[in-house]
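Okay, run_20.csv is below, CSV, C-alpha atoms:
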chain,number,residue,atom,x,y,z
J,1,MET,CA,101.7,70.3,66.1
J,2,ILE,CA,99.2,73.2,66.5
J,3,PHE,CA,98.0,75.3,63.6
J,4,LYS,CA,96.5,78.6,64.7
J,5,ASN,CA,94.1,79.6,62.0
J,6,LYS,CA,91.5,82.4,61.9
J,7,PHE,CA,88.3,80.7,60.8
J,8,ASN,CA,84.8,82.2,60.7
J,9,LYS,CA,84.4,84.4,63.7
J,10,GLY,CA,87.4,84.8,66.0
J,11,ALA,CA,90.4,82.5,66.1
J,12,LYS,CA,90.1,78.8,66.0
J,13,ILE,CA,92.9,76.5,67.2
J,14,ILE,CA,93.1,73.3,65.1
J,15,MET,CA,95.0,70.5,66.9
J,16,GLN,CA,96.9,68.3,64.5
J,17,VAL,CA,98.3,65.2,66.1
J,18,LYS,CA,101.3,63.2,64.8
J,19,GLN,CA,99.6,60.1,63.5
J,20,TYR,CA,102.5,58.4,61.7
J,21,GLU,CA,106.2,58.6,61.1
J,22,ASP,CA,108.8,56.7,59.0
J,23,LYS,CA,111.8,57.6,56.9
J,24,ASN,CA,109.5,58.8,54.0
J,25,PHE,CA,106.7,60.7,55.7
J,26,ILE,CA,105.6,62.3,59.0
J,27,ILE,CA,101.8,62.7,59.0
J,28,TYR,CA,99.8,65.1,61.2
J,29,ALA,CA,96.0,64.9,61.3
J,30,PRO,CA,93.1,65.4,63.7
J,31,ASN,CA,92.1,62.3,65.7
J,32,SER,CA,89.0,62.0,63.6
J,33,LEU,CA,91.2,60.8,60.7
J,34,ASN,CA,93.2,58.3,62.7
J,35,GLN,CA,91.8,55.2,61.0
J,36,VAL,CA,91.8,56.9,57.6
J,37,VAL,CA,95.6,57.6,58.0
J,38,ASN,CA,96.2,53.9,58.4
J,39,TYR,CA,94.4,53.1,55.1
J,40,ILE,CA,96.2,55.9,53.3
J,41,ILE,CA,99.7,55.1,54.5
J,42,ASN,CA,99.2,51.4,53.7
J,43,TYR,CA,98.2,52.3,50.1
J,44,THR,CA,101.1,54.8,49.9
J,45,ASN,CA,103.8,52.3,51.1
J,46,ASN,CA,102.5,49.6,48.8
J,47,ASN,CA,102.8,51.9,45.7
J,48,LEU,CA,105.7,54.2,46.6
J,49,LYS,CA,108.4,52.1,44.9
J,50,ASN,CA,106.6,52.5,41.6
J,51,ILE,CA,107.0,56.3,41.7
J,52,PHE,CA,110.6,56.0,42.8
J,53,ASP,CA,111.3,53.6,39.9
J,54,PHE,CA,109.6,55.9,37.4
J,55,PHE,CA,111.8,58.8,38.4
J,56,SER,CA,114.9,56.5,38.8
J,57,LEU,CA,115.2,57.3,42.5
J,58,ASN,CA,116.4,55.1,45.2
J,59,ASP,CA,114.8,57.2,47.9
J,60,PHE,CA,113.7,60.8,48.6
J,61,ARG,CA,113.7,63.2,51.5
J,62,ARG,CA,111.1,62.8,54.3
J,63,VAL,CA,107.9,64.8,53.5
J,64,THR,CA,105.6,66.3,56.1
J,65,VAL,CA,101.9,65.6,55.4
J,66,ASN,CA,99.1,67.7,56.9
J,67,LEU,CA,95.6,66.3,56.7
J,68,PHE,CA,92.4,68.1,57.4
J,69,ASP,CA,88.8,66.9,58.0
J,70,ASN,CA,87.2,70.2,57.1
J,71,ILE,CA,87.5,71.8,53.7
J,72,ASP,CA,87.2,75.4,54.9
J,73,ILE,CA,89.9,74.9,57.6
J,74,PHE,CA,92.1,73.4,54.9
J,75,LYS,CA,91.5,76.3,52.5
J,76,ASN,CA,92.1,78.8,55.3
J,77,TYR,CA,95.4,77.1,56.1
J,78,ILE,CA,96.5,77.3,52.5
J,79,SER,CA,95.4,80.9,52.1
J,80,GLU,CA,97.5,81.8,55.1
J,81,ILE,CA,100.6,80.0,53.7
J,82,ARG,CA,100.2,81.8,50.4
J,83,LYS,CA,99.2,85.0,52.0
J,84,VAL,CA,96.1,85.4,49.8
J,85,ASP,CA,92.4,85.7,50.3
J,86,MET,CA,90.7,82.3,50.6
J,87,ALA,CA,88.2,83.3,47.9
J,88,THR,CA,91.1,83.5,45.4
J,89,LEU,CA,91.9,79.8,45.7
J,90,PRO,CA,90.6,77.5,42.9
J,91,TRP,CA,87.1,76.2,43.7
J,92,TYR,CA,88.3,72.6,43.2
J,93,ILE,CA,91.3,72.8,45.4
J,94,LYS,CA,91.6,69.9,47.9
J,95,GLY,CA,95.4,69.2,48.0
J,96,THR,CA,98.6,71.2,47.6
J,97,TYR,CA,102.3,70.9,48.1
J,98,ASP,CA,103.0,74.4,49.5
J,99,ASN,CA,106.3,74.8,51.3
J,100,GLY,CA,107.4,71.3,50.2
J,101,MET,CA,104.7,69.7,52.4
J,102,ILE,CA,101.7,67.7,51.4
J,103,ASN,CA,98.5,69.5,52.6
J,104,HIS,CA,95.2,67.8,51.9
J,105,TYR,CA,91.5,67.8,52.8
J,106,VAL,CA,90.2,64.3,53.4
J,107,ASP,CA,86.5,63.6,52.7
J,108,ILE,CA,85.8,60.6,54.9
J,109,SER,CA,82.8,59.7,52.8
J,110,LYS,CA,85.0,59.0,49.8
J,111,VAL,CA,88.6,58.8,50.9
J,112,LYS,CA,91.1,59.1,48.1
J,113,LEU,CA,93.9,56.7,49.1
J,114,SER,CA,96.2,58.1,46.5
J,115,LEU,CA,96.3,61.6,47.8
J,116,ILE,CA,99.8,61.4,49.3
J,117,LEU,CA,101.3,59.9,46.1
J,118,HIS,CA,99.6,62.5,43.9
J,119,GLU,CA,101.1,65.4,45.7
J,120,LEU,CA,104.5,63.6,46.1
J,121,VAL,CA,104.7,63.3,42.3
J,122,HIS,CA,104.3,67.1,42.2
J,123,ILE,CA,107.0,67.6,44.7
J,124,ILE,CA,109.5,65.3,42.9
J,125,TYR,CA,108.7,67.0,39.6
J,126,LYS,CA,109.4,70.4,41.1
J,127,GLU,CA,112.5,69.5,43.1
J,128,ILE,CA,114.1,66.8,41.0
J,129,ILE,CA,112.9,67.4,37.5
J,130,LEU,CA,112.7,71.2,37.6
J,131,ASN,CA,115.4,71.7,40.1
J,132,ASN,CA,113.0,74.0,42.0
J,133,GLU,CA,112.7,76.3,39.0
J,134,TYR,CA,108.9,76.4,39.4
J,135,GLN,CA,108.4,78.9,36.5
J,136,LYS,CA,109.3,76.0,34.1
J,137,ARG,CA,106.4,73.9,35.3
J,138,VAL,CA,104.3,72.4,32.5
J,139,VAL,CA,101.0,72.1,34.2
J,140,TRP,CA,99.4,69.4,32.0
J,141,LEU,CA,102.5,67.2,32.3
J,142,ASP,CA,102.8,67.7,36.0
J,143,GLU,CA,99.1,66.9,36.6
J,144,GLY,CA,99.1,64.0,34.1
J,145,LEU,CA,102.1,62.4,35.8
J,146,ALA,CA,100.5,62.7,39.2
J,147,LEU,CA,97.2,61.2,38.0
J,148,ASN,CA,98.9,58.3,36.2
J,149,LEU,CA,101.6,57.5,38.7
J,150,SER,CA,99.5,57.8,41.9
J,151,GLY,CA,97.0,55.1,40.7
J,152,GLU,CA,94.0,57.2,41.4
J,153,ASN,CA,92.6,56.6,37.9
J,154,GLU,CA,93.0,52.9,38.2
J,155,ILE,CA,89.4,52.4,37.4
J,156,LEU,CA,90.2,53.6,33.8
J,157,GLU,CA,92.3,50.4,33.3
J,158,ASN,CA,88.9,48.8,32.6
J,159,ASP,CA,88.3,49.1,28.8
J,160,GLU,CA,84.6,49.8,29.2
J,161,LYS,CA,85.3,52.6,31.7
J,162,PHE,CA,88.1,54.0,29.5
J,163,ILE,CA,86.0,54.0,26.4
J,164,SER,CA,83.3,56.0,28.2
J,165,PHE,CA,86.0,58.4,29.4
J,166,ILE,CA,87.2,58.9,25.8
J,167,ASN,CA,83.6,59.5,24.6
J,168,LYS,CA,83.3,62.2,27.4
J,169,ILE,CA,86.3,64.0,26.0
J,170,LEU,CA,85.0,63.6,22.4
J,171,SER,CA,81.9,65.5,23.5
J,172,ILE,CA,83.9,68.6,24.2
J,173,GLU,CA,83.4,71.0,21.3
J,174,ASN,CA,86.5,73.1,21.7
J,175,LEU,CA,89.4,71.4,23.4
J,176,PRO,CA,91.9,73.9,25.0
J,177,ALA,CA,95.6,74.1,24.1
J,178,LEU,CA,97.3,71.9,26.7
J,179,ASN,CA,100.3,74.3,27.0
J,180,GLU,CA,98.0,77.1,28.0
J,181,LEU,CA,96.3,75.3,30.9
J,182,SER,CA,97.0,76.8,34.3
J,183,HIS,CA,95.3,76.3,37.6
J,184,GLY,CA,92.3,78.6,38.0
J,185,LYS,CA,89.2,79.2,35.9
J,186,ASN,CA,90.7,77.8,32.7
J,187,PHE,CA,91.8,74.4,34.2
J,188,SER,CA,88.5,72.9,35.4
J,189,ASN,CA,85.2,74.4,34.4
J,190,ASN,CA,81.8,73.6,32.9
J,191,LEU,CA,83.4,73.2,29.4
J,192,TYR,CA,86.1,70.7,30.2
J,193,ASN,CA,88.2,69.1,33.0
J,194,GLY,CA,91.9,69.8,32.7
J,195,TYR,CA,92.7,66.9,34.9
J,196,ASP,CA,91.0,64.5,32.5
J,197,LEU,CA,92.9,66.0,29.5
J,198,SER,CA,96.2,65.9,31.4
J,199,TYR,CA,95.7,62.3,32.4
J,200,LEU,CA,94.9,61.2,28.8
J,201,ALA,CA,97.9,63.0,27.4
J,202,VAL,CA,100.4,61.5,29.8
J,203,ARG,CA,98.8,58.0,29.7
J,204,TYR,CA,99.4,58.2,25.9
J,205,LEU,CA,102.9,59.3,26.4
J,206,ILE,CA,103.7,56.5,28.8
J,207,GLU,CA,101.9,53.9,26.7
J,208,THR,CA,103.6,54.8,23.4
J,209,LYS,CA,107.2,55.6,24.4
J,210,ASN,CA,109.7,53.7,26.4
J,211,HIS,CA,110.8,54.7,29.9
J,212,ASP,CA,114.0,56.5,28.8
J,213,GLU,CA,112.1,58.5,26.1
J,214,VAL,CA,109.5,59.6,28.6
J,215,LEU,CA,112.2,60.7,31.1
J,216,ASN,CA,114.0,62.6,28.4
J,217,ILE,CA,110.8,64.5,27.5
J,218,ILE,CA,109.8,65.4,31.1
J,219,ARG,CA,113.4,66.5,31.9
J,220,SER,CA,113.3,69.0,29.0
J,221,ASN,CA,111.1,72.0,29.3
J,222,GLU,CA,111.5,72.6,25.6
J,223,LYS,CA,110.5,69.0,24.6
J,224,SER,CA,107.6,69.0,27.0
J,225,LEU,CA,106.2,72.2,25.5
J,226,GLN,CA,106.8,71.0,22.0
J,227,ILE,CA,104.8,67.8,22.4
J,228,GLY,CA,102.2,69.7,24.3
J,229,ASN,CA,101.2,71.3,21.0
J,230,THR,CA,99.9,68.1,19.5
J,231,ILE,CA,99.9,65.3,22.2
J,232,LEU,CA,96.2,65.7,23.1
J,233,GLU,CA,95.0,65.3,19.5
J,234,ASP,CA,97.5,62.5,19.0
J,235,ALA,CA,96.2,60.7,22.1
J,236,ILE,CA,92.6,61.0,21.0
J,237,LYS,CA,93.4,59.6,17.5
J,238,PHE,CA,95.4,56.8,19.0
J,239,TYR,CA,92.8,55.6,21.4
J,240,CYS,CA,89.9,56.1,19.0
J,241,MET,CA,91.8,53.8,16.6
J,242,LYS,CA,92.7,51.3,19.3
J,243,TYR,CA,89.2,51.0,20.6
J,244,ASN,CA,87.4,51.6,17.3
J,245,ILE,CA,85.7,54.7,18.6
J,246,GLU,CA,84.1,57.1,16.1
J,247,LYS,CA,85.7,60.6,16.5
J,248,ASN,CA,83.7,63.7,16.9
J,249,GLN,CA,85.5,66.0,14.4
J,250,LYS,CA,84.3,69.2,16.2
J,251,SER,CA,86.5,68.3,19.1
J,252,LEU,CA,89.7,68.0,17.1
Rendering of file as C-alpha cells:
Amino acid sequence: MIFKNKFNKGAKIIMQVKQYEDKNFIIYAPNSLNQVVNYIINYTNNNLKNIFDFFSLNDFRRVTVNLFDNIDIFKNYISEIRKVDMATLPWYIKGTYDNGMINHYVDISKVKLSLILHELVHIIYKEIILNNEYQKRVVWLDEGLALNLSGENEILENDEKFISFINKILSIENLPALNELSHGKNFSNNLYNGYDLSYLAVRYLIETKNHDEVLNIIRSNEKSLQIGNTILEDAIKFYCMKYNIEKNQKSL
C-alpha cells in the first residue's frame, strides 16, 4: 500500500507495508515499526474478546489499521482524508478512526499497546451503538468507553495511583460540563484534561451499574446526555467517599 502525501517541500511517498493480517485486522506500517506491530497485535488479540463481550458481539468486521512512525506525516495524512488544513487538527491528536480505519502515530519511545483497541471502541460505538448517526455522538461517553475498555489506564487500578489521579481532578477549579465537551481547544487544555474526566465518569458508570444497565444507557442518546449532567460530580463524590479523600469544594 502506498500513501502519496505532500509533506514539507515537494511530494513525499510513504511506503506502508502489510505487516499483519487476520480475520479482525489488516495492518499497514513502515518497516521501522515491524517489531512494534508484533507487540501491539499480541496485546490486541489477548484483550479483544473483552471488548466484544462488553458490546455483546460475537465478532466484528475486519478493520484496516494504518500506523505511522512520524507525527507530521500522520497529521498530514489525516488532514488529506478530512480535506482540512493540518494546522486545524487538535494539537493532541495521535489516533483517529477516519473512514472506518484505525490511523495512528506510534511513538517508539513509549509505545501504547492499546492503540488499536482504543480506536476500535470508537468504531464500534459509531457503527453499532449509533448506527453510523455520528451527530448523536456523546464525546465524553465515547472517549470514556475507549479509555476504560482498551486497558490503557490499567495503571489506575492501583489504589495509590488512582487516589493521586482523583486529587489531580480535585485541583481543577472549574470543571467543565461533560455534555459540552468536544474535540478541540475545550477538550484538553491547560485547565483540565477531557480524557481524564471522561475516563472517571465511565469508570464510575461501569463500577456502579450492572452490564445491562450500562448498555441501556449507552444505546440511548437521551439517557447518555441525561446522566452526563451529573455523572462527573457523582463520580467524584463516590470515589472521595470510597477512598476517604477530602473534597475540594471549589471543583464541584
Problem - Residue contacts of Ile231 of chain J (10 Å, all atoms listed in the file) excluding same-chain residues fewer than 5 positions away, as a PyMOL selection string - result: chain J and resi 177-178+198+200-202+204-205+224-226+236-237
Handout entry: Two-atom distance - atom CA of Glu152 of chain J, atom CA of Tyr199 of chain J (Å)
Key =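 About the pair atom CA of Glu152 of chain J and atom CA of Tyr199 of chain J: they are 10.5 Å apart.
Here the question is which of J:Asn45, J:Asn167, J:Thr96, J:Thr88 gets nearest to Glu143 of chain J using only C-alpha atoms, and that residue is J:Thr96.
Take the candidates J:Ile172, J:Leu113, J:Met86, J:Ile78 and check each one against Val36 of chain J using all atoms listed in the file; the shortest distance goes to J:Leu113.
Nearest residue to Asn179 of chain J, choosing from J:Ile227, J:Leu149, J:Ile116, J:Val214 and counting all atoms listed in the file: J:Ile227.
Nearest residue to Phe68 of chain J among J:Phe165, J:Tyr28, J:Tyr105, J:Tyr125 is J:Tyr105, counting all atoms listed in the file.
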Practice task
Compile the contact shell of Arg137 of chain J as a ChimeraX atom specification: residues with an atom at most 10 Å away, counting all atoms listed in the file, same-chain residues fewer than 2 positions apart removed.
Solution key: /J:122,125-126,129-130,132-135,139-142,182,221,224-225
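Residue nearest Glu119 of chain J, chosen from J:Phe54, J:Val37, J:Val63, J:Ile163 and counting all atoms listed in the file: J:Val63.
Take atom CA of Asn186 of chain J and atom CA of Leu89 of chain J: the distance between them is 13.2 Å.
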Completion exercise
Here atom CA of Asn70 of chain J and atom CA of Ala29 of chain J stand apart by 11.1 Å
Handout entry: Selected residue, from J:Asn131, J:Phe25, J:Asp72, J:Ala87, that lies nearest to Ile102 of chain J when counting only C-alpha atoms
Key =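 Looking at the shortest contact to Ile102 of chain J, the residue is J:Phe25.
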Exercise for the section: Mind listing whatever residues come within 10 Å of the point (90.9, 65.4, 37.9)? Use all atoms listed in the file, file coordinates, and give them as a ChimeraX atom specification. Expected result: /J:92,143-144,147,152-153,187-188,193-199
Put those residues in a file: C-alpha atoms, as a PDB file, keeping the file's coordinate frame.
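Output file part.pdb follows:
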ATOM      1  CA  TYR J  92      88.300  72.600  43.200  1.00  0.00           C
ATOM      2  CA  GLU J 143      99.100  66.900  36.600  1.00  0.00           C
ATOM      3  CA  GLY J 144      99.100  64.000  34.100  1.00  0.00           C
ATOM      4  CA  LEU J 147      97.200  61.200  38.000  1.00  0.00           C
ATOM      5  CA  GLU J 152      94.000  57.200  41.400  1.00  0.00           C
ATOM      6  CA  ASN J 153      92.600  56.600  37.900  1.00  0.00           C
ATOM      7  CA  PHE J 187      91.800  74.400  34.200  1.00  0.00           C
ATOM      8  CA  SER J 188      88.500  72.900  35.400  1.00  0.00           C
ATOM      9  CA  ASN J 193      88.200  69.100  33.000  1.00  0.00           C
ATOM     10  CA  GLY J 194      91.900  69.800  32.700  1.00  0.00           C
ATOM     11  CA  TYR J 195      92.700  66.900  34.900  1.00  0.00           C
ATOM     12  CA  ASP J 196      91.000  64.500  32.500  1.00  0.00           C
ATOM     13  CA  LEU J 197      92.900  66.000  29.500  1.00  0.00           C
ATOM     14  CA  SER J 198      96.200  65.900  31.400  1.00  0.00           C
ATOM     15  CA  TYR J 199      95.700  62.300  32.400  1.00  0.00           C
TER      16      TYR J 199
END
Put segment 77-134 of chain J into a file with C-alpha atoms, as a compact mmCIF listing (two decimals), in the first residue's frame.
# COMPACT_ATOMS: atom_id res chain seq x y z
CA TYR J 77 -2.42 12.00 6.09
CA ILE J 78 -5.39 12.79 8.35
CA SER J 79 -5.69 16.35 7.04
CA GLU J 80 -5.83 14.98 3.49
CA ILE J 81 -8.56 12.48 4.44
CA ARG J 82 -10.58 15.25 6.09
CA LYS J 83 -9.69 17.80 3.42
CA VAL J 84 -8.66 20.36 6.06
CA ASP J 85 -5.51 22.30 6.82
CA MET J 86 -3.16 20.34 9.08
CA ALA J 87 -3.00 23.32 11.47
CA THR J 88 -6.71 22.89 12.27
CA LEU J 89 -6.24 19.43 13.75
CA PRO J 90 -6.28 19.21 17.59
CA TRP J 91 -2.76 19.64 18.96
CA TYR J 92 -3.01 16.36 20.88
CA ILE J 93 -4.21 14.17 18.00
CA LYS J 94 -2.34 10.88 17.65
CA GLY J 95 -5.06 8.46 16.57
CA THR J 96 -8.28 8.57 14.56
CA TYR J 97 -10.87 6.29 13.02
CA ASP J 98 -11.48 8.27 9.84
CA ASN J 99 -13.13 6.33 7.01
CA GLY J 100 -13.72 3.37 9.32
CA MET J 101 -9.98 2.73 9.53
CA ILE J 102 -7.67 2.96 12.52
CA ASN J 103 -4.98 5.54 11.80
CA HIS J 104 -2.35 6.11 14.46
CA TYR J 105 1.05 7.63 15.11
CA VAL J 106 3.33 5.31 17.08
CA ASP J 107 5.95 6.83 19.35
CA ILE J 108 8.50 4.04 19.59
CA SER J 109 9.97 5.57 22.77
CA LYS J 110 6.70 4.86 24.63
CA VAL J 111 4.55 2.51 22.59
CA LYS J 112 0.87 2.49 23.57
CA LEU J 113 -0.08 -1.16 23.09
CA SER J 114 -3.78 -0.35 23.49
CA LEU J 115 -3.95 1.99 20.49
CA ILE J 116 -5.87 -0.41 18.21
CA LEU J 117 -8.39 -1.31 20.91
CA HIS J 118 -8.98 2.35 21.79
CA GLU J 119 -9.88 3.29 18.23
CA LEU J 120 -11.82 0.06 17.73
CA VAL J 121 -14.12 1.01 20.62
CA HIS J 122 -14.80 4.31 18.84
CA ILE J 123 -15.63 2.46 15.62
CA ILE J 124 -17.98 0.02 17.36
CA TYR J 125 -19.67 2.86 19.22
CA LYS J 126 -20.19 4.73 15.94
CA GLU J 127 -21.27 1.82 13.77
CA ILE J 128 -23.11 -0.46 16.23
CA ILE J 129 -24.34 1.82 19.01
CA LEU J 130 -25.05 4.96 16.95
CA ASN J 131 -25.84 3.08 13.75
CA ASN J 132 -23.47 5.50 11.98
CA GLU J 133 -25.51 8.52 13.13
CA TYR J 134 -22.35 10.37 14.12
